[in-house]
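K.L.:
protein-v2.csv is reproduced in full below (CSV, C-alpha atoms).
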chain,number,residue,atom,x,y,z
S,1,MET,CA,91.6,61.9,34.2
S,2,SER,CA,91.9,65.6,34.2
S,3,LYS,CA,89.5,67.7,36.4
S,4,ILE,CA,88.2,71.2,35.9
S,5,MET,CA,87.4,73.3,39.0
S,6,MET,CA,84.0,75.0,38.5
S,7,GLY,CA,83.5,76.9,41.8
S,8,PRO,CA,80.7,76.1,44.3
S,9,GLN,CA,77.8,74.6,42.4
S,10,THR,CA,74.9,72.3,43.3
S,11,LEU,CA,76.0,69.5,40.9
S,12,ILE,CA,74.1,66.6,42.4
S,13,TYR,CA,72.4,64.2,39.9
S,14,PRO,CA,69.8,63.1,39.5
S,15,MET,CA,67.2,65.1,41.5
S,16,PRO,CA,63.5,64.1,41.8
S,17,THR,CA,60.7,66.2,40.5
S,18,VAL,CA,57.9,66.6,43.0
S,19,LEU,CA,54.9,68.8,43.6
S,20,VAL,CA,54.8,70.4,47.1
S,21,GLY,CA,51.4,71.4,48.3
S,22,ALA,CA,50.1,73.7,51.0
S,23,ASN,CA,47.0,75.6,51.7
S,24,VAL,CA,47.7,79.3,51.2
S,25,ASN,CA,45.0,81.5,52.8
S,26,GLY,CA,42.8,78.5,53.0
S,27,LYS,CA,43.2,77.5,49.3
S,28,PRO,CA,45.3,74.6,48.0
S,29,ASN,CA,48.4,75.5,45.9
S,30,PHE,CA,51.2,73.4,44.5
S,31,MET,CA,54.8,74.2,43.4
S,32,THR,CA,57.3,72.2,41.6
S,33,VAL,CA,60.4,71.2,43.6
S,34,ALA,CA,63.6,69.3,42.5
S,35,TRP,CA,65.5,70.1,45.7
S,36,CYS,CA,63.6,67.5,47.8
S,37,GLY,CA,65.3,64.8,49.8
S,38,ILE,CA,64.9,62.2,52.5
S,39,ALA,CA,66.1,63.6,55.8
S,40,ASN,CA,65.5,60.8,58.3
S,41,GLY,CA,64.5,57.2,58.6
S,42,GLU,CA,62.8,56.7,61.9
S,43,PRO,CA,60.7,58.7,62.1
S,44,PRO,CA,60.5,59.2,58.3
S,45,MET,CA,61.2,62.8,57.3
S,46,THR,CA,61.7,64.8,54.2
S,47,SER,CA,63.6,68.0,53.5
S,48,ILE,CA,62.7,70.5,50.8
S,49,ALA,CA,64.5,73.7,49.9
S,50,ILE,CA,62.2,76.6,49.0
S,51,ARG,CA,63.1,80.1,48.0
S,52,HIS,CA,61.8,82.6,50.6
S,53,SER,CA,59.7,84.6,48.1
S,54,ARG,CA,57.6,81.6,47.0
S,55,TYR,CA,53.9,81.7,47.5
S,56,THR,CA,53.7,78.2,48.7
S,57,ILE,CA,55.9,78.8,51.7
S,58,ARG,CA,53.4,81.2,53.1
S,59,GLY,CA,50.9,78.3,53.4
S,60,ILE,CA,53.5,76.1,55.0
S,61,ARG,CA,54.1,78.8,57.6
S,62,GLN,CA,50.4,79.3,58.1
S,63,ASN,CA,49.5,75.6,58.7
S,64,LEU,CA,52.9,74.1,59.5
S,65,THR,CA,51.9,71.3,57.2
S,66,PHE,CA,52.6,70.5,53.6
S,67,SER,CA,52.5,67.6,51.1
S,68,VAL,CA,54.9,66.0,48.8
S,69,ASN,CA,53.2,64.5,45.7
S,70,ILE,CA,55.2,62.4,43.2
S,71,PRO,CA,54.0,62.9,39.6
S,72,SER,CA,54.1,60.3,36.9
S,73,THR,CA,55.7,61.0,33.5
S,74,ASN,CA,52.2,61.5,32.0
S,75,MET,CA,51.9,64.6,34.3
S,76,VAL,CA,55.0,66.3,33.1
S,77,ARG,CA,53.1,69.2,31.5
S,78,GLU,CA,51.2,70.0,34.7
S,79,THR,CA,54.4,69.5,36.8
S,80,ASP,CA,56.3,72.0,34.6
S,81,TYR,CA,53.4,74.4,34.7
S,82,CYS,CA,53.5,74.5,38.5
S,83,GLY,CA,57.1,75.6,38.4
S,84,LEU,CA,56.5,78.3,35.8
S,85,ILE,CA,53.8,80.4,37.5
S,86,THR,CA,52.9,81.7,40.9
S,87,GLY,CA,49.8,80.7,42.8
S,88,SER,CA,49.4,84.4,43.8
S,89,GLU,CA,48.2,85.0,40.2
S,90,VAL,CA,46.4,81.9,39.1
S,91,ASN,CA,44.6,79.0,40.6
S,92,LYS,CA,46.9,76.2,39.5
S,93,VAL,CA,44.5,73.5,40.7
S,94,ASP,CA,41.9,74.7,38.2
S,95,VAL,CA,44.4,75.1,35.3
S,96,CYS,CA,45.9,71.6,36.0
S,97,ARG,CA,42.6,70.0,36.8
S,98,PHE,CA,44.1,68.5,39.9
S,99,LYS,CA,41.6,66.5,42.1
S,100,VAL,CA,42.6,67.6,45.6
S,101,PHE,CA,41.9,65.6,48.7
S,102,TYR,CA,42.9,65.8,52.3
S,103,GLY,CA,44.1,63.1,54.7
S,104,LYS,CA,45.0,62.7,58.3
S,105,LEU,CA,46.4,66.2,58.8
S,106,GLY,CA,43.4,68.0,57.2
S,107,SER,CA,45.4,70.9,56.0
S,108,ALA,CA,48.0,69.4,53.6
S,109,PRO,CA,46.4,69.3,50.1
S,110,LEU,CA,47.0,66.1,48.1
S,111,ILE,CA,46.8,65.5,44.3
S,112,GLU,CA,44.7,62.4,43.5
S,113,GLN,CA,46.3,62.0,40.1
S,114,CYS,CA,49.8,61.7,41.6
S,115,PRO,CA,50.6,58.0,42.5
S,116,ILE,CA,52.2,58.9,45.8
S,117,ASN,CA,51.1,61.6,48.3
S,118,LEU,CA,53.0,62.2,51.6
S,119,GLU,CA,51.4,64.3,54.3
S,120,CYS,CA,54.0,66.2,56.3
S,121,LYS,CA,54.2,68.2,59.5
S,122,VAL,CA,56.9,70.9,59.8
S,123,MET,CA,59.6,70.0,62.3
S,124,HIS,CA,62.3,72.6,61.4
S,125,MET,CA,62.7,75.5,59.0
S,126,LEU,CA,66.3,76.6,58.5
S,127,ASP,CA,67.1,79.8,56.7
S,128,LEU,CA,70.2,78.9,54.8
S,129,GLY,CA,70.5,81.9,52.5
S,130,SER,CA,68.4,82.1,49.4
S,131,HIS,CA,66.2,79.2,50.5
S,132,SER,CA,64.5,77.9,53.6
S,133,LEU,CA,65.2,74.2,54.2
S,134,VAL,CA,61.8,72.8,55.4
S,135,ILE,CA,62.1,69.6,57.3
S,136,GLY,CA,58.9,67.7,57.7
S,137,ARG,CA,57.9,64.5,59.4
S,138,ILE,CA,56.0,62.3,57.1
S,139,GLU,CA,52.7,61.5,58.9
S,140,GLU,CA,50.9,59.5,56.3
S,141,SER,CA,51.6,58.0,52.8
S,142,HIS,CA,48.8,57.5,50.2
S,143,VAL,CA,49.6,55.3,47.2
S,144,SER,CA,47.4,54.8,44.2
S,145,GLU,CA,46.1,51.2,44.3
S,146,SER,CA,47.0,50.8,40.6
S,147,CYS,CA,50.7,51.5,41.4
S,148,LEU,CA,51.1,48.6,43.8
S,149,THR,CA,52.5,45.2,43.0
S,150,ASP,CA,51.9,42.5,45.7
S,151,GLY,CA,50.9,45.4,48.0
S,152,LYS,CA,54.1,47.4,47.5
S,153,PRO,CA,54.7,50.6,45.6
S,154,ASP,CA,56.1,49.7,42.2
S,155,VAL,CA,58.4,52.2,40.5
S,156,ASN,CA,57.5,50.8,37.1
S,157,LYS,CA,54.0,51.7,37.7
S,158,ILE,CA,54.7,55.0,39.5
S,159,GLN,CA,56.9,56.2,36.7
S,160,PRO,CA,58.5,59.1,38.5
S,161,PHE,CA,60.9,61.4,36.6
S,162,THR,CA,64.0,63.5,37.3
S,163,TYR,CA,64.9,67.1,36.7
S,164,ILE,CA,68.3,67.6,34.9
S,165,ARG,CA,69.9,71.0,34.5
S,166,ALA,CA,72.6,70.4,31.9
S,167,PRO,CA,73.3,70.2,29.0
S,168,ALA,CA,69.7,71.4,28.9
S,169,GLU,CA,67.0,71.9,31.5
S,170,GLN,CA,64.9,68.8,31.0
S,171,TYR,CA,62.9,66.0,32.6
S,172,GLN,CA,64.1,62.5,32.1
S,173,ALA,CA,62.3,59.2,32.8
S,174,LEU,CA,64.1,56.3,34.6
S,175,GLY,CA,66.0,53.9,32.4
S,176,GLU,CA,67.2,50.4,32.6
S,177,VAL,CA,68.0,48.5,35.8
S,178,ILE,CA,71.8,48.4,35.9
S,179,ALA,CA,72.3,46.2,39.0
S,180,LYS,CA,70.7,44.8,42.1
S,181,ALA,CA,71.5,46.9,45.2
S,182,PHE,CA,73.2,45.3,48.2
S,183,SER,CA,74.2,42.6,45.8
S,184,ILE,CA,76.5,43.4,42.9
S,185,GLY,CA,79.1,44.9,45.4
S,186,LYS,CA,79.6,41.4,46.9
S,187,GLU,CA,81.7,40.6,43.8
S,188,LEU,CA,84.3,43.0,45.0
S,189,LYS,CA,84.1,41.7,48.6
S,190,ALA,CA,85.1,38.3,47.4
S,191,ARG,CA,88.2,39.4,45.4
Z,1,MET,CA,41.5,56.4,41.5
Z,2,SER,CA,41.5,54.6,44.8
Z,3,LYS,CA,44.3,55.2,47.3
Z,4,ILE,CA,45.8,53.0,49.9
Z,5,MET,CA,47.2,54.4,53.2
Z,6,MET,CA,50.5,52.9,53.9
Z,7,GLY,CA,51.6,54.8,57.1
Z,8,PRO,CA,54.6,57.1,57.4
Z,9,GLN,CA,57.1,56.1,54.7
Z,10,THR,CA,59.9,57.8,52.8
Z,11,LEU,CA,58.4,57.2,49.4
Z,12,ILE,CA,60.2,59.8,47.4
Z,13,TYR,CA,61.4,58.8,43.9
Z,14,PRO,CA,63.9,58.8,42.5
Z,15,MET,CA,66.8,59.3,44.8
Z,16,PRO,CA,70.4,59.9,43.6
Z,17,THR,CA,73.2,57.5,44.5
Z,18,VAL,CA,76.4,59.2,45.7
Z,19,LEU,CA,79.6,58.4,47.5
Z,20,VAL,CA,80.2,60.6,50.6
Z,21,GLY,CA,83.8,60.9,51.6
Z,22,ALA,CA,85.6,61.9,54.8
Z,23,ASN,CA,88.9,61.3,56.4
Z,24,VAL,CA,88.4,59.1,59.4
Z,25,ASN,CA,91.4,59.1,61.8
Z,26,GLY,CA,93.4,60.7,58.9
Z,27,LYS,CA,92.5,58.0,56.3
Z,28,PRO,CA,90.0,58.5,53.4
Z,29,ASN,CA,86.7,56.5,53.6
Z,30,PHE,CA,83.6,56.5,51.5
Z,31,MET,CA,80.0,55.5,52.1
Z,32,THR,CA,77.1,55.1,49.7
Z,33,VAL,CA,74.2,57.5,50.3
Z,34,ALA,CA,70.9,57.8,48.5
Z,35,TRP,CA,69.5,60.3,51.0
Z,36,CYS,CA,71.3,63.3,49.5
Z,37,GLY,CA,69.7,66.5,48.4
Z,38,ILE,CA,70.3,70.1,47.5
Z,39,ALA,CA,69.6,72.3,50.5
Z,40,ASN,CA,70.3,75.9,49.3
Z,41,GLY,CA,71.0,77.8,46.1
Z,42,GLU,CA,73.1,80.8,47.2
Z,43,PRO,CA,75.4,79.8,48.7
Z,44,PRO,CA,75.2,76.3,47.3
Z,45,MET,CA,74.6,73.7,50.0
Z,46,THR,CA,73.8,70.0,50.2
Z,47,SER,CA,72.2,67.9,52.8
Z,48,ILE,CA,72.9,64.2,53.5
Z,49,ALA,CA,71.2,62.0,56.1
Z,50,ILE,CA,73.6,59.6,57.8
Z,51,ARG,CA,72.8,57.0,60.5
Z,52,HIS,CA,74.6,57.9,63.7
Z,53,SER,CA,76.5,54.6,63.9
Z,54,ARG,CA,78.2,55.0,60.5
Z,55,TYR,CA,82.0,55.1,60.4
Z,56,THR,CA,82.1,58.0,57.9
Z,57,ILE,CA,80.3,60.3,60.3
Z,58,ARG,CA,83.2,60.1,62.7
Z,59,GLY,CA,85.4,61.7,60.0
Z,60,ILE,CA,82.8,64.3,59.3
Z,61,ARG,CA,82.8,65.3,63.0
Z,62,GLN,CA,86.6,65.2,63.2
Z,63,ASN,CA,87.2,67.5,60.2
Z,64,LEU,CA,83.9,69.3,59.7
Z,65,THR,CA,84.4,68.7,56.0
Z,66,PHE,CA,83.2,66.0,53.6
Z,67,SER,CA,82.8,65.3,49.9
Z,68,VAL,CA,80.0,64.3,47.6
Z,69,ASN,CA,81.1,62.2,44.6
Z,70,ILE,CA,78.8,61.3,41.8
Z,71,PRO,CA,79.6,57.9,40.4
Z,72,SER,CA,78.8,56.9,36.8
Z,73,THR,CA,76.9,53.7,35.9
Z,74,ASN,CA,80.3,52.0,35.2
Z,75,MET,CA,81.1,52.3,38.9
Z,76,VAL,CA,77.9,50.6,40.2
Z,77,ARG,CA,79.9,47.7,41.6
Z,78,GLU,CA,82.2,49.9,43.7
Z,79,THR,CA,79.3,52.1,44.7
Z,80,ASP,CA,77.2,49.2,45.9
Z,81,TYR,CA,80.3,47.8,47.7
Z,82,CYS,CA,80.7,51.0,49.7
Z,83,GLY,CA,77.2,50.6,51.0
Z,84,LEU,CA,77.7,47.0,52.0
Z,85,ILE,CA,80.7,47.2,54.3
Z,86,THR,CA,82.1,49.4,57.0
Z,87,GLY,CA,85.3,51.3,56.7
Z,88,SER,CA,86.2,50.2,60.3
Z,89,GLU,CA,86.9,46.8,58.9
Z,90,VAL,CA,88.4,47.2,55.5
Z,91,ASN,CA,90.1,49.9,53.5
Z,92,LYS,CA,87.4,50.6,50.8
Z,93,VAL,CA,89.8,52.8,48.8
Z,94,ASP,CA,92.1,49.9,48.2
Z,95,VAL,CA,89.4,47.4,47.5
Z,96,CYS,CA,87.7,49.7,45.0
Z,97,ARG,CA,91.0,51.1,43.6
Z,98,PHE,CA,89.8,54.6,44.1
Z,99,LYS,CA,92.3,57.3,43.1
Z,100,VAL,CA,91.9,59.8,45.9
Z,101,PHE,CA,92.8,63.4,45.6
Z,102,TYR,CA,92.3,66.5,47.7
Z,103,GLY,CA,91.2,70.0,46.7
Z,104,LYS,CA,90.7,73.4,48.3
Z,105,LEU,CA,89.7,72.2,51.8
Z,106,GLY,CA,92.6,69.7,52.1
Z,107,SER,CA,90.6,67.3,54.3
Z,108,ALA,CA,87.7,66.2,52.1
Z,109,PRO,CA,88.8,63.1,50.1
Z,110,LEU,CA,87.7,63.1,46.4
Z,111,ILE,CA,87.5,60.1,44.0
Z,112,GLU,CA,89.1,60.8,40.7
Z,113,GLN,CA,87.1,58.2,38.8
Z,114,CYS,CA,83.8,59.9,39.8
Z,115,PRO,CA,82.9,62.6,37.2
Z,116,ILE,CA,81.8,65.1,39.8
Z,117,ASN,CA,83.3,65.9,43.2
Z,118,LEU,CA,82.0,68.4,45.6
Z,119,GLU,CA,84.0,69.7,48.6
Z,120,CYS,CA,81.8,70.6,51.5
Z,121,LYS,CA,82.2,72.3,54.8
Z,122,VAL,CA,79.7,71.4,57.6
Z,123,MET,CA,77.3,74.2,58.4
Z,124,HIS,CA,74.7,72.3,60.5
Z,125,MET,CA,74.3,68.8,61.9
Z,126,LEU,CA,70.7,68.0,63.0
Z,127,ASP,CA,69.9,65.0,65.1
Z,128,LEU,CA,66.5,64.0,63.7
Z,129,GLY,CA,66.2,60.5,65.2
Z,130,SER,CA,67.8,57.6,63.5
Z,131,HIS,CA,69.9,59.9,61.3
Z,132,SER,CA,71.9,63.1,61.5
Z,133,LEU,CA,71.1,65.5,58.7
Z,134,VAL,CA,74.5,67.0,57.7
Z,135,ILE,CA,74.1,70.3,55.9
Z,136,GLY,CA,77.3,71.3,54.1
Z,137,ARG,CA,78.3,74.4,52.1
Z,138,ILE,CA,79.7,73.4,48.7
Z,139,GLU,CA,83.1,75.1,48.6
Z,140,GLU,CA,84.4,73.8,45.3
Z,141,SER,CA,83.2,71.5,42.4
Z,142,HIS,CA,85.6,69.4,40.4
Z,143,VAL,CA,84.3,68.0,37.1
Z,144,SER,CA,86.1,65.5,34.8
Z,145,GLU,CA,87.0,67.3,31.6
Z,146,SER,CA,85.7,64.3,29.6
Z,147,CYS,CA,82.2,65.0,31.0
Z,148,LEU,CA,81.9,68.5,29.8
Z,149,THR,CA,80.1,69.7,26.6
Z,150,ASP,CA,80.8,73.3,25.7
Z,151,GLY,CA,82.3,73.8,29.1
Z,152,LYS,CA,79.2,72.6,31.0
Z,153,PRO,CA,78.7,69.3,32.9
Z,154,ASP,CA,76.8,67.0,30.5
Z,155,VAL,CA,74.5,64.4,32.1
Z,156,ASN,CA,74.8,62.1,29.1
Z,157,LYS,CA,78.5,61.9,29.8
Z,158,ILE,CA,78.3,61.9,33.6
Z,159,GLN,CA,75.8,59.0,33.5
Z,160,PRO,CA,74.6,59.2,37.1
Z,161,PHE,CA,72.2,56.6,38.4
Z,162,THR,CA,69.3,56.3,40.9
Z,163,TYR,CA,68.6,54.0,43.8
Z,164,ILE,CA,65.2,52.5,43.9
Z,165,ARG,CA,63.7,50.5,46.8
Z,166,ALA,CA,60.6,48.9,45.3
Z,167,PRO,CA,59.6,46.5,43.7
Z,168,ALA,CA,63.2,45.5,44.3
Z,169,GLU,CA,66.3,47.3,45.7
Z,170,GLN,CA,68.1,48.3,42.5
Z,171,TYR,CA,70.0,50.9,40.7
Z,172,GLN,CA,68.5,52.4,37.5
Z,173,ALA,CA,70.1,54.5,34.8
Z,174,LEU,CA,68.5,57.6,33.5
Z,175,GLY,CA,66.1,57.1,30.6
Z,176,GLU,CA,64.7,59.1,27.8
Z,177,VAL,CA,64.1,62.9,27.9
Z,178,ILE,CA,60.4,63.3,28.3
Z,179,ALA,CA,60.1,67.1,28.0
Z,180,LYS,CA,62.0,70.4,28.1
Z,181,ALA,CA,61.8,72.1,31.5
Z,182,PHE,CA,60.3,75.6,31.9
Z,183,SER,CA,58.8,75.0,28.5
Z,184,ILE,CA,56.2,72.2,28.1
Z,185,GLY,CA,54.1,73.8,30.9
Z,186,LYS,CA,53.5,76.8,28.7
Z,187,GLU,CA,51.0,74.8,26.7
Z,188,LEU,CA,48.8,74.8,29.7
Z,189,LYS,CA,49.3,78.5,30.4
Z,190,ALA,CA,47.9,79.3,27.0
Z,191,ARG,CA,44.7,77.3,27.4
Would you write out, as structure tokens, the structure that this file holds?
P.N.:
Amino acid sequence: MSKIMMGPQTLIYPMPTVLVGANVNGKPNFMTVAWCGIANGEPPMTSIAIRHSRYTIRGIRQNLTFSVNIPSTNMVRETDYCGLITGSEVNKVDVCRFKVFYGKLGSAPLIEQCPINLECKVMHMLDLGSHSLVIGRIEESHVSESCLTDGKPDVNKIQPFTYIRAPAEQYQALGEVIAKAFSIGKELKAR
Amino acid sequence: MSKIMMGPQTLIYPMPTVLVGANVNGKPNFMTVAWCGIANGEPPMTSIAIRHSRYTIRGIRQNLTFSVNIPSTNMVRETDYCGLITGSEVNKVDVCRFKVFYGKLGSAPLIEQCPINLECKVMHMLDLGSHSLVIGRIEESHVSESCLTDGKPDVNKIQPFTYIRAPAEQYQALGEVIAKAFSIGKELKAR
């Protein structure tokens, strides 16, 4: 198999598509983020990379809290919109008709229409170059009751989606289950 | 829509499934990681969360380099295997029949069968609790020639997959394209 060197690039697939929320000057605002990961297990933490110039990061600095909201495929229009425009110019909550609520932290705005909402407290902010890596401790999770099966979050009901950059910039749903985890590998163990 | 509070949980969907490589005591080893994200744009950086006790992290500390390899769906058995067993007990490269090569850094082992290989240099290691968050600068990207379309990495050829925890621990392929990014949101802008 021949390989082509393409220089330093962030070629990691697939990335999630989430809406990050913060109160900026006291008003809820949301931005679309694909560069969102899980940073720690106990205690649970997330990391999000945000360009320094973004409006939302002002709110994160003001309150030291933020939210991660997982949209469903039926929210792809609103999700894309929140990545197209800045909250300094429009009230995205109004345009997208988001129903905003607050939880335990009081200052991290949450979107009711998103099946999963995480309230986060800032632990670290690392200036890595073009972006700040914001590491937040997840203080509370809110899950839509309609997305639970036997009391557990069910990905088939949540219907999250991914952001893909090439061959075209697009959002893709999840596809077929290809294998059970912590299971199919045992076939190799035996050989 | 009624919400259930579920306490602090890492409910971020979907997560990628990648193979992280390092030379441990001079020998290549790979572990499966879902908690892998993009941490910065310019320069390109990745972050991976690794439990302190993992064998692979020893190699990352020894060389201050590591690799991120994106497996295709046809490698799901090997990928799962690398998350089931520790490199302190078996030679995973032999069991999985990985063809290992090295690039620019010389000490970050890369898997030829994976369509994408990123060579990374450690910038930061943050002890966040159960895990270390390893932030690496991507120094070079290698892409299998067969996975390019018009000279660009093509997700339809790369065929990456996601790791899902609930309702069952499973790997899922990518599904249908639901919308063009930086485009469908414009419909809202106009309204």
K.L.:
Determine, counting all atoms listed in the file, which protein, DNA and RNA residues have an atom within 9 Å of an atom of Ala168 in chain Z; residues of the same chain fewer than 6 positions away are not included. Present the result as number ranges by chain.
P.N.:
S: 154, 180-181
K.L.:
How would the residues just picked look written out with C-alpha atoms as an mmCIF file, keeping the file's coordinate frame?
P.N.:
data_model
loop_
_atom_site.group_PDB
_atom_site.id
_atom_site.type_symbol
_atom_site.label_atom_id
_atom_site.label_comp_id
_atom_site.auth_asym_id
_atom_site.auth_seq_id
_atom_site.Cartn_x
_atom_site.Cartn_y
_atom_site.Cartn_z
ATOM 1 C CA ASP S 154 56.100 49.700 42.200
ATOM 2 C CA LYS S 180 70.700 44.800 42.100
ATOM 3 C CA ALA S 181 71.500 46.900 45.200
#
K.L.:
What does the distance between CA of Val100 in chain Z and CA of Cys82 in chain Z come to in Å, to one decimal place?
P.N.:
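A separation of 14.7 Å between them.
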K.L.:
Rank Z:Trp35, Z:Tyr55, Z:Phe66, Z:Phe30 by their smallest atom-to-atom distance to Glu139 in chain Z, using all atoms listed in the file, and report the top residue only.
P.N.:
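Residue with the minimum atom-to-atom distance to Glu139 in chain Z: Z:Phe66.
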K.L.:
Would you please work out which residue, of S:Val90, S:Ile184, S:Ile4, S:Ile138, is nearest to Glu42 in chain S when using all atoms listed in the file?
P.N.:
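Under the stated criterion, the closest residue is S:Ile138.
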K.L.:
Got a sec: who's within 8 Å of range 92-97 of chain S, counting only C-alpha atoms, leaving out chain neighbours fewer than 6 positions off, as a ChimeraX atom specification?
P.N.:
/S:28-30,78,82 /Z:188-189
K.L.:
When you draw a straight line from CA of Glu119 in chain S to CA of Arg137 in chain S, how long is it in Å?
P.N.:
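The value is 8.3 Å.
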K.L.:
Write out as a VMD selection string the residues lying within 12 Å of Glu169 in chain S, counting all atoms listed in the file and excluding same-chain residues fewer than 4 positions away.
P.N.:
(chain S and resid 34 80 162 to 165) or (chain Z and resid 154 to 155 177 to 184)
K.L.:
CA of Ile12 in chain Z and CA of Ser130 in chain S, how far apart in Å?
P.N.:
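Calculated distance between CA of Ser130 in chain S and CA of Ile12 in chain Z is 23.8 Å.
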K.L.:
Need the neighbours of (47.2, 56.2, 41.8): which residues are at most 8 Å away, counting all atoms listed in the file, as a compact mmCIF listing (two decimals) with C-alpha atoms, in the coordinates of the input?
P.N.:
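In the end it all went to point.txt:
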# COMPACT_ATOMS: atom_id res chain seq x y z
CA GLU S 112 44.70 62.40 43.50
CA GLN S 113 46.30 62.00 40.10
CA CYS S 114 49.80 61.70 41.60
CA PRO S 115 50.60 58.00 42.50
CA ILE S 116 52.20 58.90 45.80
CA VAL S 143 49.60 55.30 47.20
CA SER S 144 47.40 54.80 44.20
CA GLU S 145 46.10 51.20 44.30
CA SER S 146 47.00 50.80 40.60
CA CYS S 147 50.70 51.50 41.40
CA ILE S 158 54.70 55.00 39.50
CA MET Z 1 41.50 56.40 41.50
CA SER Z 2 41.50 54.60 44.80
CA LYS Z 3 44.30 55.20 47.30
K.L.:
Which residue is closest to Ser72 in chain Z? Choose from Z:Ala108, Z:Ala173, Z:Leu118, Z:Met15 and count only C-alpha atoms.
P.N.:
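Ranking Z:Ala108, Z:Ala173, Z:Leu118, Z:Met15 by distance to Ser72 in chain Z, first place goes to Z:Ala173.
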K.L.:
Which neighbours of Val68 in chain Z fall inside 10 Å, counting all atoms listed in the file, when residues of the same chain fewer than 6 positions from it are skipped, and could you give them as a list in words?
P.N.:
Leu11 and Ile12 of chain S; Val18, Leu19, Val20, Gly21, Ala22, Phe30, Met31, Thr32, Val33, Cys36, Thr46, Ile48, Ala108, Pro109, Leu110, Ile111, Cys114, Ile116, Asn117, Leu118, Glu119, Cys120, Gly136, Ile138 and Ser141 of chain Z
K.L.:
Kindly indicate which residue among Z:Met125, Z:Phe101, Z:Glu140, Z:Pro167 lies nearest to Pro153 in chain S, using all atoms listed in the file for the distances.
P.N.:
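Between Z:Met125, Z:Phe101, Z:Glu140, Z:Pro167, the residue approaching Pro153 in chain S most closely is Z:Pro167.
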K.L.:
Using only C-alpha atoms, pick whichever of S:Ile60, S:Phe161, S:Thr17, S:Pro8 has the shortest atom-to-atom distance to Lys121 in chain Z.
P.N.:
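The shortest atom-to-atom distance to Lys121 in chain Z comes from S:Pro8.
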K.L.:
For Leu128 in chain Z, list every protein, DNA or RNA residue within 12 Å, evaluated using all atoms listed in the file, and leave out those in the same chain fewer than 3 positions away; present the list as number ranges by chain.
P.N.:
S: 38-47, 123-124, 135-137; Z: 49-52, 125, 131-134
K.L.:
From the options Z:Tyr13, Z:Tyr102, Z:Ser53, Z:Gly26, which residue's atoms come nearest to chain S, counting only C-alpha atoms?
P.N.:
Z:Tyr13
